[in-house]
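Input: a single structure, listed below in structure tokens.
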Amino acid sequence: MNLLSLISFFNAYSFVILAILILKLNNKEILNRLAALVNICFAIWSFTFVFFYNAPTAESAMFYHRAGSFGWILFCVFATHFFLILSEKLKKNHSVKLYLLMYTLPLILLMKSLFTSETPVAKNMIQSKIGWGWTYISNVRSAWFWLYVLYIIIYFCFSLYFTYAWARKDNRIRYLKQAKSIIFLDIVMLTIGFFTDLILPAITSFMPPMYSLFSILWGVGFYYIVKAFKLMSVYDAASPDLIMKTVMDPIILLDSKGLIQKCNQATEDLLKCSNEQIIGRPFSEFCESKKYNENELETLFNVKITRNVQINMVDSSGNIINALASVSVAESELDGIVGIVLNIHDITKYISLSNELERMANFDKLTDLPNRRLLFRELELFISSYQESGAKFAIGFIDLDGFKAVNDSYGHNIGDLLLVEISKMLAASMRKKDIVTRVGGDEFVVLISDLQQEYDLIAFIQRIRELFHNPFIINGCICHVGLSIGISQCPEDGITADELIRVADSRMYEEKSSKKCC
């Protein structure tokens, strides 16, 4: 066994190991299986040339050259298939016809090599002048020779072009590095192969074809690309899609311009849109406040991550969706900034429940007027306004006269309806900036603002009293009720809520007591 045979045997063994390592990455992925097949083709090519270089006769050399055609013909179509799958030009669900079209030419070339007296590249065998084994008399005048050359050039050119175009379109640093590295490696190795196995044999018989010796550089270079750029990593390729499908909350991936690149089923359900209606549109189109324009996106790139940003989104029916969004910039050492990931949590029902609880806590259930809790909150605001700007205001404490008699005569149902009617009447008689509250069974408190505008409190009291001159008719029941009212003013009667309420309450009871004495 001469030196060339030893190198070929080492190369064959190395290609088998590389194929096994690639399959171990993920033997279920078509990319890994195709890459392994390419390495097996090189292994067959190298292994047959172990015997080709030491063949005792021209006939046996031709036999091993033919056997090697499984490698030097099929490696190209497997590599092309690999690159077309990588560039997403071919999908797993493409029809059998398309694959037959791609594999027909290499199978014809293989049949020509196996079952005719000549192979596409060799007419016969001759000892090399350098004495290192056999070389072949080139079949350069045959159309089969040029068909094989065109097959190699066209298949690789198309596949590498699609790979580079895919990487440019995706605009990810890692994919561009992958494509450039693959193109550089393949151009270098194809140039070596054309020179050693096609051009030199056509010119001289000085040395044997030696591409099988250099082919290990292709295997090592390709494996480096696989490991360095995670070319076929299942975690980079499959896991993000799997995660998006299984996460219950909406997940949206934006590019650097704010255009939606991916979304999961939960996003489609939230926005009531199909995937096709969402992908490619600006995220701002789905936001009521048009959040995340270019300036805000630039801010996100600088901040990297923002949690629990409240935004209002809009679905396809125009309904407002209250949402919390956690926003982060997706980047890695290999890819740089990939885009922006939004994790959206629909809090519409929680906002609705919160608003309902807030209303229950601050408004009277029967009359829908503000209650005592909200009264004191608003009163503190009135006091703060006075302290800041000197805006005077007054409090009117109202208690109904004769209400107990209505309850005793007609029942609490009529009494409740009467309270509702009186509440509406009081609210309608106030200015928009004044506030009417119900603080007890038949007790109401009104906040009267802007007394510095010479508001006539006496006229206000008289207007309120006139509302009770006539009896109320509730479901056919005649209800005679009046009112007692006490007024306190800020700052004349105090500058705290307790002082003002106490004074107004005291004056209301003074009026009620005077009526009893009469």
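Ordering of the structure tokens sets the chain letters (A, B, ...); residue numbers start at 1 within each chain; ligands are numbered from 1 in the order shown.
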
Problem set entry | Which of stretch 314-487 of chain A fall in strand (DSSP E or B), as a VMD selection string | chain A and resid 314 320 to 332 336 to 346 363 370 393 to 401 435 to 438 443 to 448 472 to 474 477 to 479 482 to 487

For this session: Tell me, as JSON, numbers by chain, which residues lie within 9 Å of A:Asn124, counting only C-alpha atoms; anything in the same chain fewer than 6 positions away does not count.
Result: {"A": [58, 59, 62, 117, 118, 135, 136, 137, 138, 139]}

For this session: Tell me, in Å to one decimal, how far atom CA of A:Pro208 is from atom CA of A:Tyr53.
Result: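 Result for atom CA of A:Pro208 versus atom CA of A:Tyr53: 8.0 Å, one decimal.
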
Exercise. Leaving out stretch 361-367 of chain A and any residue of its chain fewer than 2 positions from it, which residues lie within 10 Å of it when counting only C-alpha atoms, given as a count of residues only?
Worked result: 26

Seminar exercise, completed: Using only C-alpha atoms, the residue out of A:Phe444, A:Tyr155, A:Trp146, A:Tyr223 with shortest distance to A:Leu74 is A:Tyr155

Problem set entry | Top pick for closest residue to A:Arg66, considering A:Ser409, A:Ser215, A:Thr104, A:Thr116 and counting only C-alpha atoms |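 Smallest separation from A:Arg66 among the options: A:Thr116.
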
As an mmCIF file with N, CA, C and O atoms, in the first residue's frame, please: the residues near A:Pro56 (cut-off 12 Å, only C-alpha atoms, same-chain neighbours under 3 positions excluded).
data_model
loop_
_atom_site.group_PDB
_atom_site.id
_atom_site.type_symbol
_atom_site.label_atom_id
_atom_site.label_comp_id
_atom_site.auth_asym_id
_atom_site.auth_seq_id
_atom_site.Cartn_x
_atom_site.Cartn_y
_atom_site.Cartn_z
ATOM 1 N N MET A 1 0.859 -1.201 0.000
ATOM 2 C CA MET A 1 0.000 0.000 0.000
ATOM 3 C C MET A 1 0.888 1.242 0.000
ATOM 4 O O MET A 1 1.718 1.419 0.887
ATOM 5 N N PHE A 51 -7.793 1.332 -3.281
ATOM 6 C CA PHE A 51 -7.461 0.214 -4.181
ATOM 7 C C PHE A 51 -7.136 0.705 -5.590
ATOM 8 O O PHE A 51 -6.380 0.051 -6.321
ATOM 9 N N PHE A 52 -7.693 1.875 -5.977
ATOM 10 C CA PHE A 52 -7.422 2.417 -7.309
ATOM 11 C C PHE A 52 -5.929 2.698 -7.486
ATOM 12 O O PHE A 52 -5.344 2.349 -8.521
ATOM 13 N N TYR A 53 -5.312 3.311 -6.465
ATOM 14 C CA TYR A 53 -3.902 3.669 -6.594
ATOM 15 C C TYR A 53 -3.006 2.432 -6.666
ATOM 16 O O TYR A 53 -1.930 2.471 -7.268
ATOM 17 N N GLU A 59 -7.704 -2.669 -16.065
ATOM 18 C CA GLU A 59 -9.102 -3.083 -15.898
ATOM 19 C C GLU A 59 -9.551 -2.957 -14.440
ATOM 20 O O GLU A 59 -10.661 -2.493 -14.149
ATOM 21 N N SER A 60 -8.698 -3.375 -13.516
ATOM 22 C CA SER A 60 -9.062 -3.280 -12.098
ATOM 23 C C SER A 60 -9.097 -1.825 -11.645
ATOM 24 O O SER A 60 -9.944 -1.429 -10.816
ATOM 25 N N ALA A 61 -8.212 -0.988 -12.190
ATOM 26 C CA ALA A 61 -8.242 0.443 -11.863
ATOM 27 C C ALA A 61 -9.549 1.068 -12.325
ATOM 28 O O ALA A 61 -10.173 1.869 -11.603
ATOM 29 N N MET A 62 -9.999 0.677 -13.548
ATOM 30 C CA MET A 62 -11.271 1.183 -14.039
ATOM 31 C C MET A 62 -12.428 0.700 -13.154
ATOM 32 O O MET A 62 -13.391 1.443 -12.909
ATOM 33 N N PHE A 63 -12.332 -0.538 -12.655
ATOM 34 C CA PHE A 63 -13.395 -1.078 -11.790
ATOM 35 C C PHE A 63 -13.538 -0.222 -10.525
ATOM 36 O O PHE A 63 -14.663 0.138 -10.132
ATOM 37 N N TYR A 64 -12.417 0.098 -9.897
ATOM 38 C CA TYR A 64 -12.480 0.889 -8.662
ATOM 39 C C TYR A 64 -12.896 2.335 -8.942
ATOM 40 O O TYR A 64 -13.566 2.970 -8.133
ATOM 41 N N MET A 125 -7.657 3.662 -18.572
ATOM 42 C CA MET A 125 -6.679 3.917 -17.532
ATOM 43 C C MET A 125 -5.254 3.810 -18.076
ATOM 44 O O MET A 125 -4.982 3.025 -18.997
ATOM 45 N N ILE A 126 -4.343 4.596 -17.464
ATOM 46 C CA ILE A 126 -2.944 4.582 -17.847
ATOM 47 C C ILE A 126 -2.108 4.890 -16.605
ATOM 48 O O ILE A 126 -2.541 5.638 -15.729
ATOM 49 N N GLN A 127 -0.927 4.284 -16.531
ATOM 50 C CA GLN A 127 -0.059 4.548 -15.389
ATOM 51 C C GLN A 127 0.431 6.005 -15.427
ATOM 52 O O GLN A 127 0.791 6.521 -16.484
ATOM 53 N N GLY A 133 0.685 5.573 -9.214
ATOM 54 C CA GLY A 133 -0.554 4.846 -9.448
ATOM 55 C C GLY A 133 -1.163 5.229 -10.781
ATOM 56 O O GLY A 133 -0.507 5.819 -11.649
ATOM 57 N N TRP A 134 -2.414 4.854 -10.949
ATOM 58 C CA TRP A 134 -3.091 5.030 -12.217
ATOM 59 C C TRP A 134 -3.707 6.424 -12.358
ATOM 60 O O TRP A 134 -4.095 7.045 -11.402
#

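With only C-alpha atoms as the atoms that count, the residue of A:Leu25, A:Leu90, A:Leu37, A:Cys477 with the shortest distance to A:Gly71 is A:Leu37.
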
For this session: Find the distance between atom CA of A:Val329 and atom CA of A:Ser284 and write it in Å to one decimal.
Result: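 Separation of atom CA of A:Val329 and atom CA of A:Ser284: 16.9 Å.
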
Check which residues of stretch 322-439 of chain A sit at most 12 Å from stretch 510-513 of chain A using only C-alpha atoms, and return one row each with the closest pair of atoms and their distance in Å to one decimal, ordered by chain and rising number, as a Markdown table.
| residue | atom | partner | partner_atom | distance |
| --- | --- | --- | --- | --- |
| A:Phe397 | CA | A:Glu511 | CA | 11.1 |
| A:Ile398 | CA | A:Lys512 | CA | 10.1 |
| A:Asp399 | CA | A:Lys512 | CA | 8.4 |
| A:Leu400 | CA | A:Lys512 | CA | 9.4 |
| A:Asp401 | CA | A:Lys512 | CA | 7.9 |
| A:Gly402 | CA | A:Lys512 | CA | 11.0 |

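Compared by their closest atoms to A:Glu29, and using only C-alpha atoms, the residues A:Ala323, A:Ala167, A:Leu271, A:Leu86 rank with A:Leu86 nearest.
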
Exercise. At what distance in Å, to one decimal, does atom CA of A:Phe468 lie from atom CA of A:Asn407?
Worked result: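 It comes out at 17.4 Å.
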
Problem set entry | Nearest candidate to A:Leu105 (options A:His81, A:Asn264, A:Leu379, A:Tyr148; using only C-alpha atoms) |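 The answer is A:Tyr148, which sits nearest to A:Leu105.
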